[in-house]
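Peer 1: Sending over upload_8.cif (mmCIF, C-alpha atoms and all ligand atoms).
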data_target
loop_
_atom_site.label_atom_id
_atom_site.label_comp_id
_atom_site.auth_asym_id
_atom_site.auth_seq_id
_atom_site.Cartn_x
_atom_site.Cartn_y
_atom_site.Cartn_z
CA MET A 1 7.97 57.58 51.78
CA SER A 2 5.05 58.92 49.73
CA LYS A 3 1.73 59.77 51.41
CA ALA A 4 -0.11 56.85 49.78
CA ALA A 5 2.65 54.34 50.55
CA GLU A 6 2.65 55.53 54.18
CA ALA A 7 -1.13 55.06 54.50
CA ILE A 8 -1.05 51.65 52.78
CA LYS A 9 1.68 50.39 55.12
CA ASN A 10 -0.75 50.26 58.04
CA VAL A 11 -3.60 48.49 56.24
CA GLU A 12 -4.49 45.08 57.71
CA LYS A 13 -4.10 42.51 54.95
CA ILE A 14 -7.01 40.18 54.22
CA SER A 15 -6.17 36.47 54.04
CA PRO A 16 -8.37 33.34 54.04
CA LYS A 17 -7.90 33.26 57.82
CA ASN A 18 -9.33 36.70 58.57
CA MET A 19 -11.88 37.01 55.75
CA PRO A 20 -14.39 39.68 56.87
CA LEU A 21 -17.88 38.34 57.62
CA VAL A 22 -19.54 41.70 56.97
CA GLU A 23 -21.82 41.93 53.90
CA PRO A 24 -22.64 45.57 53.12
CA LEU A 25 -24.31 44.33 49.92
CA SER A 26 -26.85 41.79 51.08
CA ARG A 27 -28.33 38.73 49.42
CA GLY A 28 -31.58 38.98 47.53
CA HIS A 29 -30.50 41.42 44.84
CA ARG A 30 -31.64 40.79 41.28
CA ALA A 31 -28.45 40.36 39.28
CA CYS A 32 -28.48 37.74 36.51
CA GLN A 33 -27.27 34.28 37.49
CA GLY A 34 -23.47 34.14 37.40
CA CYS A 35 -22.98 37.94 37.15
CA GLY A 36 -19.30 38.79 37.64
CA GLU A 37 -20.03 42.46 38.24
CA VAL A 38 -22.09 41.91 41.39
CA LEU A 39 -19.45 39.48 42.63
CA ALA A 40 -16.76 42.16 42.21
CA LEU A 41 -18.96 44.71 43.97
CA ARG A 42 -19.57 42.33 46.88
CA GLN A 43 -15.84 41.66 47.24
CA VAL A 44 -15.05 45.39 47.36
CA LEU A 45 -17.67 46.06 50.03
CA LYS A 46 -16.70 43.06 52.16
CA ALA A 47 -13.15 44.42 52.17
CA VAL A 48 -13.99 48.03 52.99
CA GLY A 49 -16.82 47.31 55.45
CA LYS A 50 -19.81 49.37 56.59
CA GLN A 51 -18.13 52.74 57.24
CA VAL A 52 -19.07 53.75 53.71
CA ILE A 53 -21.35 56.18 51.91
CA ALA A 54 -22.03 54.69 48.50
CA CYS A 55 -22.88 56.77 45.43
CA SER A 56 -24.20 54.69 42.53
CA ALA A 57 -24.42 55.76 38.92
CA THR A 58 -27.28 54.37 36.86
CA GLY A 59 -26.33 50.99 35.47
CA CYS A 60 -26.72 47.29 36.19
CA MET A 61 -25.53 47.41 39.80
CA GLU A 62 -27.92 50.21 40.66
CA ILE A 63 -30.91 48.60 38.97
CA ILE A 64 -30.40 45.12 40.45
CA SER A 65 -29.81 46.39 43.99
CA SER A 66 -32.53 48.99 44.46
CA PRO A 67 -36.00 48.00 43.23
CA TYR A 68 -37.97 50.49 45.38
CA PRO A 69 -39.06 49.97 48.17
CA GLN A 70 -36.39 47.28 48.59
CA THR A 71 -32.63 47.66 48.72
CA ALA A 72 -29.65 45.32 48.96
CA TRP A 73 -27.46 48.09 50.40
CA GLU A 74 -26.77 48.02 54.14
CA VAL A 75 -24.88 51.32 54.05
CA PRO A 76 -26.05 54.87 53.24
CA TRP A 77 -26.56 54.89 49.49
CA ILE A 78 -27.53 57.44 46.88
CA HIS A 79 -28.51 56.77 43.27
CA VAL A 80 -27.44 59.51 40.91
CA ALA A 81 -27.45 60.15 37.21
CA PHE A 82 -25.44 58.13 34.74
CA GLU A 83 -23.05 60.99 34.07
CA ASN A 84 -22.22 62.59 37.40
CA VAL A 85 -21.46 60.07 40.13
CA ALA A 86 -17.97 61.51 40.74
CA ALA A 87 -19.43 65.02 41.08
CA VAL A 88 -22.00 63.78 43.62
CA ALA A 89 -19.34 61.87 45.58
CA SER A 90 -17.26 65.08 45.59
CA GLY A 91 -20.21 66.97 47.07
CA VAL A 92 -20.86 64.33 49.73
CA GLU A 93 -17.17 64.33 50.70
CA ALA A 94 -16.93 68.13 50.79
CA GLY A 95 -20.17 68.36 52.80
CA ARG A 96 -18.87 65.89 55.39
CA LYS A 97 -15.63 67.82 55.68
CA ALA A 98 -17.52 71.06 56.33
CA LEU A 99 -19.76 69.43 58.98
CA ILE A 100 -16.70 67.94 60.72
CA ARG A 101 -14.96 71.35 60.67
CA LYS A 102 -18.02 72.99 62.24
CA GLY A 103 -18.19 70.29 64.92
CA ARG A 104 -21.62 69.14 63.77
CA ILE A 105 -20.53 65.50 63.17
CA GLN A 106 -17.63 63.38 64.38
CA ASP A 107 -14.85 62.29 62.00
CA ASP A 108 -15.52 58.54 62.07
CA ASN A 109 -13.38 57.68 59.02
CA THR A 110 -16.41 57.04 56.83
CA LYS A 111 -15.27 56.60 53.23
CA VAL A 112 -17.17 58.09 50.34
CA MET A 113 -17.23 55.67 47.42
CA ALA A 114 -18.53 55.98 43.86
CA PHE A 115 -19.59 52.92 41.83
CA ALA A 116 -20.14 52.98 38.10
CA GLY A 117 -20.00 50.82 35.00
CA ASP A 118 -17.56 51.33 32.16
CA GLY A 119 -20.08 53.35 30.12
CA ALA A 120 -20.62 55.75 33.02
CA THR A 121 -16.87 55.94 33.69
CA ALA A 122 -14.99 55.88 30.40
CA ASP A 123 -17.63 57.70 28.35
CA ILE A 124 -20.36 59.80 29.85
CA GLY A 125 -18.99 60.42 33.37
CA LEU A 126 -15.34 60.91 32.44
CA GLN A 127 -15.51 64.69 32.73
CA ALA A 128 -16.97 64.55 36.27
CA LEU A 129 -14.42 61.91 37.27
CA SER A 130 -11.51 63.91 35.87
CA GLY A 131 -12.68 67.00 37.75
CA ALA A 132 -13.05 65.12 41.05
CA MET A 133 -9.58 63.57 40.71
CA GLU A 134 -8.03 66.90 39.79
CA ARG A 135 -9.64 68.64 42.79
CA GLY A 136 -8.21 65.96 45.07
CA HIS A 137 -11.38 64.75 46.80
CA ASP A 138 -10.87 62.07 49.42
CA PHE A 139 -12.93 59.30 47.82
CA VAL A 140 -12.69 55.93 46.08
CA TYR A 141 -14.00 55.55 42.55
CA VAL A 142 -14.77 51.98 41.48
CA CYS A 143 -15.28 51.22 37.81
CA LEU A 144 -17.03 47.87 37.36
CA ASP A 145 -16.01 47.14 33.80
CA ASN A 146 -18.28 44.66 32.01
CA GLU A 147 -17.09 46.11 28.71
CA ALA A 148 -20.40 47.47 27.37
CA TYR A 149 -23.57 49.33 28.32
CA MET A 150 -25.30 46.23 29.64
CA ASN A 151 -28.20 47.71 31.53
CA THR A 152 -29.76 49.19 28.41
CA GLY A 153 -29.22 46.21 26.12
CA ILE A 154 -25.52 45.53 25.40
CA GLN A 155 -24.42 48.61 23.43
CA ARG A 156 -20.68 49.12 22.85
CA SER A 157 -18.72 51.51 25.04
CA SER A 158 -15.20 52.89 24.63
CA SER A 159 -14.19 50.11 27.04
CA THR A 160 -15.49 47.33 24.78
CA PRO A 161 -12.55 45.27 23.53
CA TYR A 162 -11.53 45.19 19.87
CA GLY A 163 -13.55 42.65 17.88
CA ALA A 164 -16.32 42.09 20.45
CA MET A 165 -19.89 41.68 19.30
CA THR A 166 -22.41 44.05 20.88
CA THR A 167 -25.80 45.21 19.62
CA THR A 168 -24.19 48.39 18.26
CA SER A 169 -21.01 46.69 17.01
CA PRO A 170 -22.49 43.67 15.25
CA PRO A 171 -20.10 41.56 13.19
CA GLY A 172 -21.00 41.00 9.55
CA ALA A 173 -19.63 41.04 6.01
CA LYS A 174 -18.09 44.48 6.49
CA SER A 175 -17.54 44.51 10.27
CA LYS A 176 -15.36 42.60 12.71
CA GLY A 177 -17.44 43.81 15.65
CA GLN A 178 -15.99 46.57 17.85
CA SER A 179 -13.57 48.45 15.60
CA THR A 180 -11.57 50.41 18.20
CA TRP A 181 -9.16 49.33 20.97
CA LYS A 182 -10.33 49.36 24.59
CA LYS A 183 -9.78 52.76 26.23
CA ASN A 184 -7.08 52.54 28.90
CA MET A 185 -8.98 54.06 31.83
CA PRO A 186 -6.51 53.06 34.58
CA LEU A 187 -3.71 54.93 32.81
CA ILE A 188 -5.98 57.92 32.23
CA ALA A 189 -6.73 57.96 35.98
CA ALA A 190 -3.01 57.59 36.79
CA ALA A 191 -2.20 60.53 34.50
CA HIS A 192 -4.07 62.74 36.98
CA GLY A 193 -1.30 62.09 39.49
CA ILE A 194 -3.69 60.74 42.14
CA PRO A 195 -2.29 58.75 45.09
CA TYR A 196 -3.63 55.31 44.19
CA VAL A 197 -4.79 53.47 41.06
CA ALA A 198 -5.24 49.71 40.75
CA THR A 199 -6.69 47.07 38.45
CA ALA A 200 -8.32 43.91 39.82
CA SER A 201 -10.18 40.80 38.78
CA PRO A 202 -12.69 38.82 40.89
CA ALA A 203 -10.88 35.50 40.21
CA PHE A 204 -8.01 36.89 42.31
CA HIS A 205 -10.29 37.83 45.16
CA LEU A 206 -7.69 38.42 47.89
CA ASP A 207 -5.73 40.70 45.57
CA LEU A 208 -8.96 42.55 44.73
CA MET A 209 -10.06 42.91 48.35
CA ASN A 210 -6.67 44.09 49.53
CA LYS A 211 -6.55 46.69 46.77
CA ALA A 212 -10.02 47.90 47.82
CA ARG A 213 -8.76 48.27 51.42
CA LYS A 214 -5.69 50.19 50.27
CA ALA A 215 -7.81 52.45 48.06
CA ALA A 216 -10.01 53.27 51.06
CA ALA A 217 -6.98 53.93 53.29
CA VAL A 218 -5.16 56.48 51.12
CA PRO A 219 -6.01 60.14 51.66
CA GLY A 220 -7.24 61.74 48.43
CA PRO A 221 -8.65 60.18 45.28
CA ALA A 222 -8.22 56.47 44.58
CA TYR A 223 -9.33 54.69 41.42
CA LEU A 224 -10.08 50.95 41.15
CA HIS A 225 -10.71 49.41 37.75
CA ILE A 226 -12.30 45.97 38.09
CA TYR A 227 -12.81 43.46 35.30
CA SER A 228 -16.44 42.33 35.66
CA PRO A 229 -17.72 39.53 33.40
CA CYS A 230 -21.31 39.74 32.21
CA PRO A 231 -22.44 36.28 31.04
CA THR A 232 -25.70 37.76 29.71
CA GLY A 233 -24.05 40.40 27.51
CA TRP A 234 -21.07 38.28 26.54
CA ARG A 235 -23.36 35.43 25.48
CA CYS A 236 -21.73 32.95 27.83
CA GLY A 237 -23.00 30.40 30.35
CA PRO A 238 -23.69 31.54 33.92
CA ASP A 239 -20.74 29.43 35.14
CA THR A 240 -18.08 31.28 33.10
CA ALA A 241 -17.37 34.48 35.05
CA ILE A 242 -14.52 33.21 37.23
CA GLU A 243 -12.81 31.32 34.42
CA ALA A 244 -12.93 34.45 32.22
CA SER A 245 -11.63 36.55 35.15
CA ARG A 246 -8.68 34.18 35.50
CA LEU A 247 -7.92 33.77 31.78
CA VAL A 248 -7.98 37.50 31.10
CA VAL A 249 -5.08 37.90 33.54
CA GLN A 250 -3.18 34.75 32.54
CA THR A 251 -3.22 35.84 28.87
CA ARG A 252 -2.01 39.38 29.79
CA VAL A 253 -5.14 40.85 28.24
CA PHE A 254 -5.94 42.56 31.58
CA PRO A 255 -2.76 42.98 33.66
CA LEU A 256 -3.00 43.35 37.43
CA PHE A 257 -1.07 46.36 38.69
CA GLU A 258 -1.05 49.30 41.10
CA VAL A 259 0.12 52.88 40.68
CA ILE A 260 1.11 54.20 44.11
CA ASP A 261 1.87 57.93 43.99
CA GLY A 262 2.99 57.56 40.39
CA ARG A 263 5.03 54.39 40.94
CA TYR A 264 3.85 51.43 38.81
CA VAL A 265 3.92 48.00 40.46
CA LEU A 266 2.98 44.74 38.76
CA THR A 267 0.94 42.78 41.31
CA ARG A 268 0.96 39.54 39.30
CA ASP A 269 3.76 38.90 36.87
CA ILE A 270 2.69 36.56 34.08
CA THR A 271 5.94 34.97 32.99
CA LYS A 272 4.39 32.20 30.88
CA PRO A 273 1.31 33.78 29.31
CA LYS A 274 -1.41 31.61 27.80
CA PRO A 275 -2.31 32.46 24.18
CA VAL A 276 -4.86 35.25 23.85
CA ALA A 277 -6.87 32.82 21.67
CA ASP A 278 -7.65 30.75 24.81
CA TYR A 279 -9.42 33.75 26.29
CA LEU A 280 -11.19 34.84 23.10
CA LYS A 281 -12.40 31.36 22.15
CA SER A 282 -14.16 30.88 25.47
CA GLN A 283 -16.65 33.69 24.79
CA ARG A 284 -19.37 33.83 22.14
CA ARG A 285 -19.00 37.60 21.69
CA PHE A 286 -15.66 36.81 19.94
CA ALA A 287 -16.86 33.67 18.08
CA HIS A 288 -16.80 35.37 14.64
CA LEU A 289 -13.10 36.38 14.83
CA LYS A 290 -10.78 34.86 12.26
CA ASP A 291 -7.20 33.69 12.87
CA GLU A 292 -5.78 36.93 11.47
CA ASP A 293 -7.94 38.99 13.85
CA ILE A 294 -6.71 36.94 16.80
CA GLU A 295 -3.10 37.42 15.62
CA PHE A 296 -3.68 41.17 15.48
CA ILE A 297 -5.08 41.18 19.03
CA GLN A 298 -2.20 39.01 20.32
CA LYS A 299 0.36 41.44 18.85
CA ARG A 300 -1.30 44.44 20.43
CA VAL A 301 -1.63 42.68 23.82
CA ASP A 302 2.13 41.89 23.68
CA GLU A 303 2.91 45.54 22.90
CA GLU A 304 0.72 46.84 25.73
CA TRP A 305 2.36 44.43 28.20
CA GLU A 306 5.82 45.73 27.16
CA ARG A 307 4.59 49.28 27.62
CA LEU A 308 3.42 48.45 31.13
CA LEU A 309 6.76 46.82 31.98
CA ASN A 310 8.51 49.97 30.74
CA LEU A 311 6.33 52.09 33.03
CA VAL A 312 7.25 49.81 35.95
CA LYS A 313 10.96 50.14 35.12
CA ALA A 314 10.79 53.89 34.57
CA THR A 315 9.05 54.58 37.87
CA ASN A 316 11.14 52.20 40.01
CA PRO A 317 14.69 53.30 39.15
CA GLU A 318 16.08 51.69 42.33
CA ALA A 319 14.98 48.25 41.02
CA LYS A 320 17.20 48.49 37.91
C1 LIG B 401 -27.76 60.77 30.24
C2 LIG B 401 -28.25 59.38 30.14
N1 LIG B 401 -28.12 58.71 28.97
C3 LIG B 401 -28.54 57.44 28.87
C4 LIG B 401 -29.11 56.82 29.96
C5 LIG B 401 -29.60 55.40 29.83
N2 LIG B 401 -28.73 54.46 30.51
C6 LIG B 401 -28.98 54.03 31.76
S1 LIG B 401 -27.90 52.87 32.28
C7 LIG B 401 -27.09 52.93 30.80
C8 LIG B 401 -25.93 52.01 30.51
C9 LIG B 401 -25.01 51.80 31.67
O1 LIG B 401 -23.83 51.20 31.21
P1 LIG B 401 -22.57 51.06 32.12
O2 LIG B 401 -22.23 52.33 32.78
O3 LIG B 401 -21.49 50.43 31.34
O4 LIG B 401 -23.07 50.08 33.29
P2 LIG B 401 -23.62 48.57 33.18
O5 LIG B 401 -25.09 48.67 33.05
O6 LIG B 401 -22.97 47.93 32.02
O7 LIG B 401 -23.21 47.97 34.49
C10 LIG B 401 -27.66 53.85 29.93
C11 LIG B 401 -27.20 54.13 28.55
C12 LIG B 401 -29.25 57.54 31.14
N3 LIG B 401 -29.74 56.99 32.25
N4 LIG B 401 -28.81 58.80 31.22
S1 LIG B 402 -26.68 42.14 32.43
FE1 LIG B 402 -24.60 41.45 32.95
S2 LIG B 402 -23.73 42.95 34.39
FE2 LIG B 402 -25.96 43.24 34.29
S3 LIG B 402 -26.75 42.05 36.02
FE3 LIG B 402 -26.84 40.73 34.19
S4 LIG B 402 -24.90 39.60 34.16
FE4 LIG B 402 -24.67 41.33 35.60
#
Please express what this file holds, its structure, as structure tokens.
Peer 2:
Amino acid sequence: MSKAAEAIKNVEKISPKNMPLVEPLSRGHRACQGCGEVLALRQVLKAVGKQVIACSATGCMEIISSPYPQTAWEVPWIHVAFENVAAVASGVEAGRKALIRKGRIQDDNTKVMAFAGDGATADIGLQALSGAMERGHDFVYVCLDNEAYMNTGIQRSSSTPYGAMTTTSPPGAKSKGQSTWKKNMPLIAAAHGIPYVATASPAFHLDLMNKARKAAAVPGPAYLHIYSPCPTGWRCGPDTAIEASRLVVQTRVFPLFEVIDGRYVLTRDITKPKPVADYLKSQRRFAHLKDEDIEFIQKRVDEEWERLLNLVKATNPEAK
């Protein structure tokens, strides 16, 4: 059995019956009403608990949780630059290891975790993240993907989906909105050969929380990529985050899967997918798209799903 699979085997599974009561991210933060990103963050922290040192890149979750002299964090927390959260988490983890080796502190299984938006992860902090994964630091990196640079006013990122309206990808006579396909960060993380990679969505909260627990349990780097609706930036009502989080999975736009020591596992098979149009039509950032644009997106989503199934087949030869 692989090292990650061995560690995951002993993780206590969260169910509605043993839902943790701990709230490492307290009430009273300043996220917008209906923010899906803060909900995802809360779910992760409830699952992992208080034995955490949190490193936060600049972005929405840092701004809304830490208006000095107040804080919503009930665990040790450090705010670092937009571009280097994985490097700082590496330093914290290496420092702890050295102190444990010298007998200066006890090894109490505290987990070092890094939290960052998609802009910090897929664009400006990618180099630091790649380095930390390659060096094999024992930490969990959580990308809270609201699909744009929200904190500074809804600019596109390389994780913004094709066709979406942002302030720097405005639709018009000569533009369909975002002109490139969303960067596949989970597969980029998996290509580093790290022990654990997973995608999650806050509508499937038990799945999300159990993946967070597994990520914290594996020795070495773990990467969690969490779909995080932003009603403010997506121009939607504050009651839309969960519905979007469900539809994105049911339409296969954002598949739920794990990569455990290189082995791809689909954690929710979508045998009867809803049309991608159902997902797109529920959000105003896609309101300008024409039928042919939606057809193009549907075709690409179908292709990406097939590609994922092929990865599952290729890495689970015993299941053939
Ligand atoms: C080097 C650098 N460039 C730009 C900024 C300004 N800045 C702060 S937060 C942010 C956007 C964050 O976007 P993302 O990481 O996607 O997180 P979100 O706010 O969407 O949660 C930007 C551009 C900065 N702090 N540092
Ligand atoms: S701008 Fe979006 S991601 Fe940021 S706090 Fe508001 S709803 Fe959440």
Peer 1: Show me which residues line ligand LIG 402 (chain B), defined as having an atom within 12 Å of a ligand atom where only C-alpha atoms and all ligand atoms count, and present them as a VMD selection string.
Peer 2: chain A and resid 29 to 41 58 to 65 116 to 119 144 to 155 227 to 241
Peer 1: Given all atoms listed in the file as the basis, pick out the residue of A:Ala47, A:Ala191, A:Leu21, A:Val80 nearest to ligand LIG 401 (chain B).
Peer 2: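 Of A:Ala47, A:Ala191, A:Leu21, A:Val80, the one nearest ligand LIG 401 (chain B) is A:Val80, counting all atoms listed in the file.
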Peer 1: At what distance in Å, to one decimal, does CA of Glu295 (chain A) lie from CA of Cys143 (chain A)?
Peer 2: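 If I compute the distance from CA of Cys143 (chain A) to CA of Glu295 (chain A), I get 28.8 Å.
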Peer 1: Which residue is closest to ligand LIG 401 (chain B)? Choose from A:Gly125, A:Gly172, A:Pro20, A:Pro69 and count only C-alpha atoms and all ligand atoms.
Peer 2: A:Gly125
Peer 1: Kindly give the distance, in Å, that separates CA of Gly262 (chain A) and CA of Pro161 (chain A), rounded to a single decimal.
Peer 2: 26.0 Å
Peer 1: Taking only C-alpha atoms into account, name the residue in A:Thr160, A:Ser2, A:Thr168, A:Asn210 that is nearest to Asn18 (chain A).
Peer 2: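 Of all the options, A:Asn210 lies closest to Asn18 (chain A).
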Peer 1: Complete region 46-56 of chain A with all heavy atoms (output as a short mmCIF file (atom, residue, chain, number, x, y, z; two decimals), in the coordinates of the input).
Peer 2:
data_model
loop_
_atom_site.label_atom_id
_atom_site.label_comp_id
_atom_site.auth_asym_id
_atom_site.auth_seq_id
_atom_site.Cartn_x
_atom_site.Cartn_y
_atom_site.Cartn_z
N LYS A 46 -17.15 43.91 51.04
CA LYS A 46 -16.70 43.06 52.16
C LYS A 46 -15.36 43.57 52.70
O LYS A 46 -15.11 43.57 53.89
CB LYS A 46 -16.50 41.61 51.66
CG LYS A 46 -17.64 40.69 51.95
CD LYS A 46 -17.34 39.29 51.45
CE LYS A 46 -16.92 38.35 52.56
NZ LYS A 46 -17.89 38.16 53.62
N ALA A 47 -14.49 43.98 51.77
CA ALA A 47 -13.15 44.42 52.17
C ALA A 47 -13.19 45.75 52.91
O ALA A 47 -12.50 45.94 53.90
CB ALA A 47 -12.25 44.52 50.94
N VAL A 48 -14.01 46.67 52.42
CA VAL A 48 -13.99 48.03 52.99
C VAL A 48 -14.88 48.12 54.24
O VAL A 48 -14.58 48.86 55.17
CB VAL A 48 -14.40 49.06 51.92
CG1 VAL A 48 -14.43 50.47 52.49
CG2 VAL A 48 -13.44 49.01 50.74
N GLY A 49 -15.97 47.34 54.26
CA GLY A 49 -16.82 47.31 55.45
C GLY A 49 -17.96 48.33 55.41
O GLY A 49 -18.27 48.88 54.35
N LYS A 50 -18.57 48.58 56.57
CA LYS A 50 -19.81 49.37 56.59
C LYS A 50 -19.61 50.86 56.82
O LYS A 50 -20.58 51.62 56.79
CB LYS A 50 -20.75 48.80 57.65
CG LYS A 50 -21.39 47.49 57.20
CD LYS A 50 -22.64 47.18 57.98
CE LYS A 50 -23.33 45.96 57.40
NZ LYS A 50 -24.52 45.57 58.16
N GLN A 51 -18.35 51.29 57.06
CA GLN A 51 -18.13 52.74 57.24
C GLN A 51 -18.02 53.40 55.87
O GLN A 51 -16.96 53.91 55.49
CB GLN A 51 -16.86 53.00 58.05
CG GLN A 51 -16.98 52.66 59.51
CD GLN A 51 -18.00 53.55 60.22
OE1 GLN A 51 -19.14 53.14 60.43
NE2 GLN A 51 -17.62 54.74 60.57
N VAL A 52 -19.10 53.31 55.11
CA VAL A 52 -19.07 53.75 53.71
C VAL A 52 -20.33 54.54 53.38
O VAL A 52 -21.41 54.22 53.89
CB VAL A 52 -19.00 52.48 52.79
CG1 VAL A 52 -19.42 52.79 51.37
CG2 VAL A 52 -17.62 51.86 52.81
N ILE A 53 -20.18 55.58 52.57
CA ILE A 53 -21.35 56.18 51.91
C ILE A 53 -21.19 55.88 50.43
O ILE A 53 -20.17 56.24 49.82
CB ILE A 53 -21.41 57.71 52.14
CG1 ILE A 53 -21.59 58.01 53.63
CG2 ILE A 53 -22.55 58.34 51.33
CD1 ILE A 53 -21.52 59.49 53.97
N ALA A 54 -22.15 55.15 49.88
CA ALA A 54 -22.03 54.69 48.50
C ALA A 54 -22.84 55.58 47.56
O ALA A 54 -24.01 55.88 47.83
CB ALA A 54 -22.52 53.24 48.39
N CYS A 55 -22.19 56.00 46.47
CA CYS A 55 -22.88 56.77 45.43
C CYS A 55 -22.88 55.90 44.18
O CYS A 55 -21.83 55.47 43.72
CB CYS A 55 -22.13 58.07 45.15
SG CYS A 55 -21.76 59.03 46.62
N SER A 56 -24.07 55.63 43.65
CA SER A 56 -24.20 54.69 42.53
C SER A 56 -24.71 55.39 41.29
O SER A 56 -25.80 55.97 41.30
CB SER A 56 -25.22 53.61 42.87
OG SER A 56 -24.65 52.45 43.32
#
